[in-house]
$ cat my_file-v9.cif   # mmCIF, C-alpha atoms
data_run
loop_
_atom_site.group_PDB
_atom_site.id
_atom_site.type_symbol
_atom_site.label_atom_id
_atom_site.label_comp_id
_atom_site.auth_asym_id
_atom_site.auth_seq_id
_atom_site.Cartn_x
_atom_site.Cartn_y
_atom_site.Cartn_z
ATOM 1 C CA MET A 6 0.000 0.000 0.000
ATOM 2 C CA THR A 7 1.373 3.404 -0.954
ATOM 3 C CA ILE A 8 1.512 6.389 1.388
ATOM 4 C CA LEU A 9 -1.202 8.032 -0.713
ATOM 5 C CA GLN A 10 -3.478 4.997 -0.333
ATOM 6 C CA LYS A 11 -2.919 4.990 3.416
ATOM 7 C CA LEU A 12 -3.781 8.670 3.629
ATOM 8 C CA LEU A 13 -6.909 8.209 1.540
ATOM 9 C CA GLY A 14 -7.951 5.253 3.682
ATOM 10 C CA ALA A 15 -7.443 7.233 6.860
ATOM 11 C CA THR A 16 -9.393 10.150 5.436
ATOM 12 C CA GLY A 17 -12.246 7.847 4.474
ATOM 13 C CA ALA A 18 -12.336 6.285 7.938
ATOM 14 C CA LEU A 19 -12.329 9.743 9.522
ATOM 15 C CA ALA A 20 -15.235 10.821 7.328
ATOM 16 C CA LEU A 21 -17.260 7.776 8.311
ATOM 17 C CA SER A 22 -16.634 8.182 12.012
ATOM 18 C CA THR A 23 -17.439 11.884 11.851
ATOM 19 C CA GLY A 24 -20.674 11.159 10.009
ATOM 20 C CA ALA A 25 -21.676 8.608 12.642
ATOM 21 C CA ALA A 26 -20.906 11.060 15.431
ATOM 22 C CA LEU A 27 -23.019 13.729 13.786
ATOM 23 C CA ALA A 28 -26.028 11.449 13.238
ATOM 24 C CA GLU A 29 -28.954 13.075 15.006
ATOM 25 C CA PRO A 30 -31.522 10.938 16.790
ATOM 26 C CA ALA A 31 -35.182 11.513 16.015
ATOM 27 C CA LEU A 32 -38.284 11.331 18.189
ATOM 28 C CA ILE A 33 -41.798 10.746 16.875
ATOM 29 C CA PHE A 34 -44.633 11.655 19.227
ATOM 30 C CA ASP A 35 -47.916 9.815 19.121
ATOM 31 C CA LEU A 36 -51.266 11.511 18.576
ATOM 32 C CA GLY A 37 -52.093 13.952 21.346
ATOM 33 C CA GLY A 38 -48.972 16.101 20.998
ATOM 34 C CA LYS A 39 -45.749 16.383 22.938
ATOM 35 C CA PHE A 40 -47.283 18.684 25.538
ATOM 36 C CA ASP A 41 -50.105 16.356 26.584
ATOM 37 C CA LYS A 42 -48.798 16.580 30.194
ATOM 38 C CA SER A 43 -48.709 12.789 30.186
ATOM 39 C CA PHE A 44 -47.218 10.067 27.963
ATOM 40 C CA ASN A 45 -45.822 12.139 25.100
ATOM 41 C CA GLU A 46 -44.545 14.837 27.412
ATOM 42 C CA ALA A 47 -42.649 12.231 29.410
ATOM 43 C CA ALA A 48 -40.908 11.239 26.168
ATOM 44 C CA PHE A 49 -40.145 14.894 25.420
ATOM 45 C CA ASN A 50 -38.651 15.349 28.894
ATOM 46 C CA GLY A 51 -36.370 12.386 28.330
ATOM 47 C CA ALA A 52 -35.139 13.834 25.053
ATOM 48 C CA GLN A 53 -34.583 17.232 26.647
ATOM 49 C CA ARG A 54 -32.555 15.641 29.423
ATOM 50 C CA TRP A 55 -30.375 14.014 26.762
ATOM 51 C CA VAL A 56 -29.860 17.437 25.128
ATOM 52 C CA GLN A 57 -28.927 19.027 28.436
ATOM 53 C CA GLU A 58 -26.452 16.307 29.358
ATOM 54 C CA THR A 59 -24.819 15.867 25.969
ATOM 55 C CA GLY A 60 -25.292 19.159 24.145
ATOM 56 C CA GLY A 61 -26.652 17.154 21.226
ATOM 57 C CA THR A 62 -29.593 17.937 18.982
ATOM 58 C CA TYR A 63 -32.438 15.792 17.722
ATOM 59 C CA ARG A 64 -35.275 16.021 15.251
ATOM 60 C CA GLU A 65 -38.906 15.498 16.143
ATOM 61 C CA ILE A 66 -42.409 15.406 14.727
ATOM 62 C CA GLU A 67 -45.868 15.510 16.282
ATOM 63 C CA LEU A 68 -48.289 13.346 14.340
ATOM 64 C CA THR A 69 -51.689 14.696 13.393
ATOM 65 C CA SER A 70 -52.988 11.603 11.580
ATOM 66 C CA GLU A 71 -52.460 7.855 11.407
ATOM 67 C CA ALA A 72 -51.264 8.166 7.824
ATOM 68 C CA GLN A 73 -48.140 10.018 8.954
ATOM 69 C CA ARG A 74 -46.648 7.123 10.907
ATOM 70 C CA GLU A 75 -44.900 5.360 8.034
ATOM 71 C CA GLN A 76 -44.085 8.622 6.285
ATOM 72 C CA ALA A 77 -42.335 9.997 9.376
ATOM 73 C CA LEU A 78 -40.356 6.811 9.962
ATOM 74 C CA ARG A 79 -39.124 6.616 6.388
ATOM 75 C CA ARG A 80 -38.361 10.324 6.166
ATOM 76 C CA PHE A 81 -36.139 10.237 9.249
ATOM 77 C CA ALA A 82 -34.442 6.998 8.176
ATOM 78 C CA GLU A 83 -33.738 8.348 4.696
ATOM 79 C CA ALA A 84 -32.303 11.516 6.249
ATOM 80 C CA GLY A 85 -29.851 9.450 8.274
ATOM 81 C CA ASN A 86 -31.332 10.092 11.686
ATOM 82 C CA ASN A 87 -30.204 7.389 14.080
ATOM 83 C CA PRO A 88 -31.573 6.132 16.398
ATOM 84 C CA ILE A 89 -35.247 6.793 15.740
ATOM 85 C CA VAL A 90 -37.482 6.620 18.811
ATOM 86 C CA MET A 91 -41.268 6.428 18.689
ATOM 87 C CA THR A 92 -43.905 6.577 21.421
ATOM 88 C CA GLY A 93 -46.890 4.295 21.394
ATOM 89 C CA PHE A 94 -48.154 0.830 20.530
ATOM 90 C CA ALA A 95 -49.767 2.104 17.325
ATOM 91 C CA PHE A 96 -46.379 2.233 15.597
ATOM 92 C CA GLY A 97 -46.025 -1.536 15.884
ATOM 93 C CA ASN A 98 -47.270 -2.736 12.510
ATOM 94 C CA VAL A 99 -45.676 0.116 10.582
ATOM 95 C CA LEU A 100 -42.303 -0.329 12.252
ATOM 96 C CA GLY A 101 -42.429 -4.042 11.503
ATOM 97 C CA GLU A 102 -42.610 -3.152 7.798
ATOM 98 C CA VAL A 103 -40.158 -0.242 7.803
ATOM 99 C CA ALA A 104 -37.324 -1.535 10.011
ATOM 100 C CA PRO A 105 -36.137 -4.258 7.575
ATOM 101 C CA ASP A 106 -35.706 -1.622 4.858
ATOM 102 C CA TYR A 107 -33.162 0.276 6.981
ATOM 103 C CA PRO A 108 -31.004 -2.410 8.644
ATOM 104 C CA GLU A 109 -28.303 0.118 9.629
ATOM 105 C CA THR A 110 -30.799 2.305 11.503
ATOM 106 C CA SER A 111 -31.582 1.600 15.151
ATOM 107 C CA PHE A 112 -35.233 1.963 16.145
ATOM 108 C CA ALA A 113 -36.757 2.101 19.626
ATOM 109 C CA ILE A 114 -40.480 1.664 20.199
ATOM 110 C CA ILE A 115 -42.241 2.238 23.499
ATOM 111 C CA ASP A 116 -45.269 0.164 24.539
ATOM 112 C CA MET A 117 -45.047 -2.464 21.810
ATOM 113 C CA VAL A 118 -42.848 -5.420 20.896
ATOM 114 C CA VAL A 119 -41.524 -5.533 17.330
ATOM 115 C CA ASP A 120 -39.372 -8.538 16.521
ATOM 116 C CA GLN A 121 -36.712 -7.123 14.227
ATOM 117 C CA PRO A 122 -32.926 -7.269 14.709
ATOM 118 C CA ASN A 123 -32.556 -3.471 14.686
ATOM 119 C CA VAL A 124 -35.445 -2.699 17.060
ATOM 120 C CA ARG A 125 -35.412 -2.133 20.809
ATOM 121 C CA SER A 126 -38.867 -2.734 22.286
ATOM 122 C CA VAL A 127 -39.540 -1.104 25.654
ATOM 123 C CA VAL A 128 -42.576 -2.204 27.636
ATOM 124 C CA PHE A 129 -43.635 -1.485 31.197
ATOM 125 C CA ASN A 130 -45.285 -3.335 34.051
ATOM 126 C CA GLU A 131 -48.011 -0.715 34.353
ATOM 127 C CA HIS A 132 -50.126 -3.111 36.403
ATOM 128 C CA GLU A 133 -47.552 -3.026 39.213
ATOM 129 C CA GLY A 134 -47.511 0.747 39.513
ATOM 130 C CA SER A 135 -51.285 0.887 39.149
ATOM 131 C CA TYR A 136 -51.638 -1.589 42.016
ATOM 132 C CA LEU A 137 -49.820 0.829 44.322
ATOM 133 C CA VAL A 138 -51.928 3.852 43.396
ATOM 134 C CA GLY A 139 -55.027 1.662 43.694
ATOM 135 C CA MET A 140 -54.108 0.958 47.299
ATOM 136 C CA MET A 141 -53.692 4.677 47.885
ATOM 137 C CA ALA A 142 -57.061 5.409 46.272
ATOM 138 C CA ALA A 143 -58.845 2.926 48.525
ATOM 139 C CA MET A 144 -57.145 4.264 51.639
ATOM 140 C CA ALA A 145 -57.958 7.875 50.734
ATOM 141 C CA SER A 146 -61.577 7.234 49.724
ATOM 142 C CA GLU A 147 -64.308 8.196 52.168
ATOM 143 C CA THR A 148 -67.150 6.666 50.149
ATOM 144 C CA GLY A 149 -65.602 3.293 49.389
ATOM 145 C CA THR A 150 -66.123 3.931 45.671
ATOM 146 C CA VAL A 151 -63.305 4.869 43.335
ATOM 147 C CA GLY A 152 -63.107 5.316 39.586
ATOM 148 C CA PHE A 153 -60.883 4.563 36.618
ATOM 149 C CA ILE A 154 -61.071 6.418 33.296
ATOM 150 C CA GLY A 155 -59.043 5.013 30.426
ATOM 151 C CA GLY A 156 -58.314 6.456 27.028
ATOM 152 C CA MET A 157 -58.628 4.163 24.020
ATOM 153 C CA ASP A 158 -60.189 0.822 24.937
ATOM 154 C CA ILE A 159 -57.257 -1.503 24.310
ATOM 155 C CA PRO A 160 -55.686 -4.316 26.351
ATOM 156 C CA LEU A 161 -52.829 -2.047 27.450
ATOM 157 C CA ILE A 162 -55.206 0.368 29.180
ATOM 158 C CA ARG A 163 -57.192 -2.476 30.694
ATOM 159 C CA LYS A 164 -53.845 -3.591 32.108
ATOM 160 C CA PHE A 165 -53.701 -0.274 34.015
ATOM 161 C CA ALA A 166 -57.306 -0.688 35.136
ATOM 162 C CA CYS A 167 -56.872 -4.252 36.339
ATOM 163 C CA GLY A 168 -53.746 -3.488 38.338
ATOM 164 C CA TYR A 169 -55.515 -0.509 39.890
ATOM 165 C CA ALA A 170 -58.550 -2.580 40.850
ATOM 166 C CA GLN A 171 -56.349 -5.249 42.436
ATOM 167 C CA GLY A 172 -54.639 -2.603 44.564
ATOM 168 C CA VAL A 173 -57.981 -1.106 45.573
ATOM 169 C CA LYS A 174 -59.307 -4.495 46.636
ATOM 170 C CA ALA A 175 -56.099 -5.332 48.504
ATOM 171 C CA ALA A 176 -56.538 -2.236 50.663
ATOM 172 C CA ASN A 177 -60.331 -2.480 50.940
ATOM 173 C CA PRO A 178 -61.984 -5.736 49.783
ATOM 174 C CA ASP A 179 -65.414 -4.086 50.047
ATOM 175 C CA ALA A 180 -64.567 -1.154 47.791
ATOM 176 C CA THR A 181 -66.359 -0.539 44.488
ATOM 177 C CA VAL A 182 -64.380 0.271 41.340
ATOM 178 C CA ILE A 183 -66.156 2.055 38.481
ATOM 179 C CA GLN A 184 -64.464 1.787 35.092
ATOM 180 C CA ASN A 185 -65.024 3.733 31.882
ATOM 181 C CA MET A 186 -63.078 4.007 28.639
ATOM 182 C CA THR A 187 -63.166 7.193 26.590
ATOM 183 C CA GLY A 188 -63.467 5.620 23.143
ATOM 184 C CA THR A 189 -62.306 3.031 20.641
ATOM 185 C CA THR A 190 -60.297 5.241 18.270
ATOM 186 C CA PRO A 191 -57.052 7.222 18.729
ATOM 187 C CA ALA A 192 -59.176 10.343 19.314
ATOM 188 C CA ALA A 193 -59.789 8.944 22.806
ATOM 189 C CA TRP A 194 -56.322 10.110 23.847
ATOM 190 C CA ASN A 195 -57.091 13.775 23.332
ATOM 191 C CA ASP A 196 -60.640 14.486 24.467
ATOM 192 C CA PRO A 197 -60.505 16.340 27.797
ATOM 193 C CA VAL A 198 -64.174 17.336 27.488
ATOM 194 C CA LYS A 199 -65.230 13.693 27.366
ATOM 195 C CA GLY A 200 -62.846 13.001 30.235
ATOM 196 C CA GLY A 201 -64.650 15.606 32.309
ATOM 197 C CA GLU A 202 -68.058 14.159 31.427
ATOM 198 C CA LEU A 203 -67.010 10.678 32.473
ATOM 199 C CA THR A 204 -65.592 12.030 35.720
ATOM 200 C CA ARG A 205 -68.852 13.741 36.618
ATOM 201 C CA ALA A 206 -70.748 10.541 35.810
ATOM 202 C CA GLN A 207 -68.523 8.559 38.155
ATOM 203 C CA ILE A 208 -68.882 11.174 40.881
ATOM 204 C CA SER A 209 -72.666 10.807 40.576
ATOM 205 C CA GLN A 210 -72.161 7.119 41.341
ATOM 206 C CA GLY A 211 -70.229 7.890 44.504
ATOM 207 C CA ALA A 212 -66.621 7.963 43.334
ATOM 208 C CA ASP A 213 -64.428 10.305 45.338
ATOM 209 C CA VAL A 214 -61.055 9.266 43.844
ATOM 210 C CA VAL A 215 -60.584 8.890 40.070
ATOM 211 C CA TYR A 216 -57.527 7.502 38.277
ATOM 212 C CA ALA A 217 -57.010 8.657 34.696
ATOM 213 C CA ALA A 218 -54.932 6.632 32.231
ATOM 214 C CA ALA A 219 -55.979 8.521 29.140
ATOM 215 C CA GLY A 220 -53.203 10.741 27.796
ATOM 216 C CA GLY A 221 -54.423 14.263 27.066
ATOM 217 C CA THR A 222 -57.984 13.245 27.964
ATOM 218 C CA GLY A 223 -56.778 12.798 31.511
ATOM 219 C CA VAL A 224 -56.183 16.539 31.802
ATOM 220 C CA GLY A 225 -59.956 16.939 31.681
ATOM 221 C CA VAL A 226 -60.394 14.232 34.314
ATOM 222 C CA LEU A 227 -57.999 15.917 36.721
ATOM 223 C CA GLN A 228 -59.521 19.358 36.097
ATOM 224 C CA THR A 229 -63.070 18.158 36.715
ATOM 225 C CA ALA A 230 -62.050 16.241 39.814
ATOM 226 C CA ALA A 231 -60.478 19.413 41.219
ATOM 227 C CA ASP A 232 -63.551 21.465 40.297
ATOM 228 C CA GLU A 233 -65.815 18.950 42.035
ATOM 229 C CA ASP A 234 -63.509 18.717 45.058
ATOM 230 C CA ILE A 235 -62.628 15.052 44.799
ATOM 231 C CA LEU A 236 -59.189 13.482 44.466
ATOM 232 C CA SER A 237 -57.627 12.362 41.221
ATOM 233 C CA ILE A 238 -54.624 10.249 40.252
ATOM 234 C CA GLY A 239 -52.422 11.228 37.335
ATOM 235 C CA VAL A 240 -50.485 8.971 34.989
ATOM 236 C CA ASP A 241 -47.205 8.591 33.086
ATOM 237 C CA SER A 242 -45.720 11.993 33.978
ATOM 238 C CA ASN A 243 -45.879 13.384 37.501
ATOM 239 C CA GLN A 244 -49.123 15.378 37.276
ATOM 240 C CA ASN A 245 -49.336 16.324 40.948
ATOM 241 C CA TYR A 246 -48.448 19.926 40.158
ATOM 242 C CA LEU A 247 -51.462 20.449 37.900
ATOM 243 C CA HIS A 248 -53.802 20.745 40.886
ATOM 244 C CA PRO A 249 -51.798 20.991 44.116
ATOM 245 C CA GLY A 250 -53.569 19.365 47.035
ATOM 246 C CA GLU A 251 -56.152 17.748 44.725
ATOM 247 C CA VAL A 252 -54.071 15.083 42.941
ATOM 248 C CA LEU A 253 -53.519 12.210 45.372
ATOM 249 C CA THR A 254 -50.531 10.910 43.395
ATOM 250 C CA SER A 255 -49.451 10.013 39.867
ATOM 251 C CA MET A 256 -48.585 6.573 38.539
ATOM 252 C CA MET A 257 -45.185 7.314 37.093
ATOM 253 C CA LYS A 258 -44.278 5.450 33.929
ATOM 254 C CA ARG A 259 -40.692 6.308 33.101
ATOM 255 C CA VAL A 260 -41.036 6.840 29.391
ATOM 256 C CA ASP A 261 -38.505 9.641 29.868
ATOM 257 C CA ASN A 262 -35.877 7.142 30.993
ATOM 258 C CA ALA A 263 -36.566 4.893 28.002
ATOM 259 C CA VAL A 264 -36.132 7.768 25.541
ATOM 260 C CA PHE A 265 -33.058 9.088 27.325
ATOM 261 C CA ALA A 266 -31.451 5.625 27.301
ATOM 262 C CA ALA A 267 -32.125 5.069 23.600
ATOM 263 C CA MET A 268 -30.645 8.417 22.621
ATOM 264 C CA SER A 269 -27.682 7.977 24.963
ATOM 265 C CA ASP A 270 -26.916 4.475 23.705
ATOM 266 C CA GLY A 271 -26.946 5.809 20.150
ATOM 267 C CA PRO A 272 -26.788 4.036 16.789
ATOM 268 C CA GLY A 273 -26.198 0.309 17.043
ATOM 269 C CA PHE A 274 -27.647 0.084 20.550
ATOM 270 C CA GLU A 275 -28.580 -3.237 22.119
ATOM 271 C CA THR A 276 -31.902 -4.386 20.736
ATOM 272 C CA GLY A 277 -34.542 -6.843 21.938
ATOM 273 C CA ILE A 278 -37.173 -6.488 24.641
ATOM 274 C CA ARG A 279 -36.731 -4.393 27.776
ATOM 275 C CA VAL A 280 -39.333 -4.742 30.524
ATOM 276 C CA LEU A 281 -39.414 -1.959 33.116
ATOM 277 C CA GLY A 282 -41.351 -2.556 36.321
ATOM 278 C CA LEU A 283 -41.074 -1.673 39.986
ATOM 279 C CA ALA A 284 -37.766 -3.533 40.320
ATOM 280 C CA GLU A 285 -36.239 -1.421 37.535
ATOM 281 C CA ASP A 286 -37.817 1.857 38.723
ATOM 282 C CA GLY A 287 -39.784 1.814 35.486
ATOM 283 C CA VAL A 288 -43.072 2.490 37.264
ATOM 284 C CA GLY A 289 -44.013 3.862 40.660
ATOM 285 C CA TYR A 290 -45.969 6.537 42.498
ATOM 286 C CA ALA A 291 -45.148 10.217 42.835
ATOM 287 C CA LEU A 292 -44.644 11.908 46.172
ATOM 288 C CA ASP A 293 -43.676 15.588 46.308
ATOM 289 C CA GLU A 294 -44.593 18.902 47.878
ATOM 290 C CA PHE A 295 -47.853 19.040 45.916
ATOM 291 C CA ASN A 296 -49.385 15.913 47.474
ATOM 292 C CA ALA A 297 -47.384 15.467 50.688
ATOM 293 C CA GLU A 298 -50.344 16.488 52.867
ATOM 294 C CA LEU A 299 -52.623 13.980 51.134
ATOM 295 C CA VAL A 300 -50.425 10.918 51.593
ATOM 296 C CA THR A 301 -50.469 9.767 55.210
ATOM 297 C CA ASP A 302 -47.611 7.900 56.880
ATOM 298 C CA GLU A 303 -49.879 4.857 57.104
ATOM 299 C CA MET A 304 -50.618 5.036 53.384
ATOM 300 C CA GLN A 305 -46.980 5.361 52.411
ATOM 301 C CA ALA A 306 -45.918 2.528 54.720
ATOM 302 C CA ALA A 307 -48.554 0.203 53.267
ATOM 303 C CA VAL A 308 -47.585 1.036 49.702
ATOM 304 C CA GLU A 309 -43.869 0.653 50.352
ATOM 305 C CA GLU A 310 -44.484 -2.730 51.960
ATOM 306 C CA ALA A 311 -46.535 -3.848 48.958
ATOM 307 C CA LYS A 312 -43.876 -2.531 46.574
ATOM 308 C CA ALA A 313 -41.185 -4.580 48.325
ATOM 309 C CA LYS A 314 -43.342 -7.699 48.227
ATOM 310 C CA ILE A 315 -44.101 -7.288 44.528
ATOM 311 C CA ILE A 316 -40.408 -6.935 43.753
ATOM 312 C CA ALA A 317 -39.643 -9.981 45.917
ATOM 313 C CA GLY A 318 -42.352 -12.023 44.224
ATOM 314 C CA GLU A 319 -44.440 -12.341 47.392
ATOM 315 C CA ILE A 320 -47.314 -10.443 45.770
ATOM 316 C CA THR A 321 -48.219 -11.223 42.175
ATOM 317 C CA VAL A 322 -50.190 -8.572 40.340
ATOM 318 C CA HIS A 323 -52.159 -10.151 37.518
ATOM 319 C CA ASP A 324 -51.284 -8.798 34.085
ATOM 320 C CA TYR A 325 -54.476 -8.322 32.069
ATOM 321 C CA MET A 326 -52.561 -8.676 28.817
ATOM 322 C CA SER A 327 -51.407 -12.183 29.726
ATOM 323 C CA ASP A 328 -54.895 -13.615 29.204
ATOM 324 C CA ASN A 329 -57.266 -10.668 28.649
ATOM 325 C CA THR A 330 -58.959 -11.248 32.015
ATOM 326 C CA CYS A 331 -58.985 -9.451 35.338
ATOM 327 C CA PRO A 332 -59.666 -11.460 38.504
ATOM 328 C CA VAL A 333 -61.242 -8.570 40.388
ATOM 329 C CA MET A 334 -63.249 -6.741 37.707
#

$ encode --input "my_file-v9.cif" --output "structure tokens"
Amino acid sequence: MTILQKLLGATGALALSTGAALAEPALIFDLGGKFDKSFNEAAFNGAQRWVQETGGTYREIELTSEAQREQALRRFAEAGNNPIVMTGFAFGNVLGEVAPDYPETSFAIIDMVVDQPNVRSVVFNEHEGSYLVGMMAAMASETGTVGFIGGMDIPLIRKFACGYAQGVKAANPDATVIQNMTGTTPAAWNDPVKGGELTRAQISQGADVVYAAAGGTGVGVLQTAADEDILSIGVDSNQNYLHPGEVLTSMMKRVDNAVFAAMSDGPGFETGIRVLGLAEDGVGYALDEFNAELVTDEMQAAVEEAKAKIIAGEITVHDYMSDNTCPVM
């Protein structure tokens, strides 16, 4: 090899490594927008933390229709963005078709499993975190009736509901759990008016604590609960601050950590399935200055004991998605 060939080879290698270093990650938000104060916003916060810690930049898009899913994925992949992170189960089928066309691109999907060699699938044990906030709801309730309002009626949201109901019944076997879903289409994630209507309907049935697992729709649930002077429970992001002293707690689902990890690991990251539950700090309940006066020492002690037993395997919280049944509903 001549000196010139060596120099050209070194230059080529330098160009490739520089290009890889400059590859921007991309984040695709699901319907409802990145400022839904819930699921999408948790993803946004994770990306922002990555920016703050690394000084990097990323590209993003907020979907406004189902038709944009494949278009957004292909556009980012063609542009060289890597890795590409997407929020929501609804990307599953599209990603399964797109990922094989871009084998050098790393994809991360949250809330769905896609079996492709270049895909990281991140799922959560939402039923475990929901069990804990269900216990808190039962202990805080004065009427013995609590509510659950889900977004789109899918097995994933019934997984939240079932875990919640199990926690309620563990704390108070005689309690009543009222359950409503907002709708059967993606519009159910962004309908705060309907969320408020369902909340008032549950209040009329005696509910004095309502847990919302409904994306942007949940903002309407929490607002109505505060207006009607009952307690609410937020989801995904810590929503305690939205109505200080009125939100009992929030079931934290650390979507932010999943996005941060994918962006930090970068192109070529480890793929496969990652399951984040209580043991991995993937789910939990929020305690801060906005709800400290609502959560009694007795309540916190009971929840912490249950958390330890779930992690140790002494308490098994049934996963609705394992068989599409709930033993207590």

$ residues_near_point --input "my_file-v9.cif" --point "(-39.0, 3.1, 35.8)" --cutoff "12 Å" --atoms "all atoms listed in the file" --output "PyMOL selection string"
chain A and resi 47+127-131+133-134+241-242+256-266+279-291

$ atom_distance --input "my_file-v9.cif" --atom1 "atom CA of A:Met326" --atom2 "atom CA of A:Asn185"
17.9 Å

$ resolve_selection --input "my_file-v9.cif" --expression "the PyMOL selection byres ((chain A and resi 29) around 7)" --output "list in words"
Leu27, Ala28, Pro30, Ala31, Thr62, Tyr63, Arg64, Asn86 and Asn87 of chain A

$ write_last_selection --input "my_file-v9.cif" --atoms "C-alpha atoms" --output "compact mmCIF listing (two decimals), in the frame of the given file"
# COMPACT_ATOMS: atom_id res chain seq x y z
CA LEU A 27 -23.02 13.73 13.79
CA ALA A 28 -26.03 11.45 13.24
CA PRO A 30 -31.52 10.94 16.79
CA ALA A 31 -35.18 11.51 16.02
CA THR A 62 -29.59 17.94 18.98
CA TYR A 63 -32.44 15.79 17.72
CA ARG A 64 -35.28 16.02 15.25
CA ASN A 86 -31.33 10.09 11.69
CA ASN A 87 -30.20 7.39 14.08

$ resolve_selection --input "my_file-v9.cif" --expression "the PyMOL selection byres ((chain A and resi 126) around 10)" --output "PyMOL selection string"
chain A and resi 97+112-121+123-125+127-128+263+276-280

$ atom_distance --input "my_file-v9.cif" --atom1 "atom CA of A:Ser327" --atom2 "atom CA of A:Val90"
25.8 Å

$ atom_distance --input "my_file-v9.cif" --atom1 "atom CA of A:Gln171" --atom2 "atom CA of A:Thr254"
17.2 Å

$ residues_around --input "my_file-v9.cif" --residues "A:Ala175" --least-positions-apart "3" --cutoff "10 Å" --atoms "all atoms listed in the file" --output "JSON, numbers by chain"
{"A": [136, 137, 139, 140, 143, 169, 170, 171, 172, 178, 179, 180, 311]}
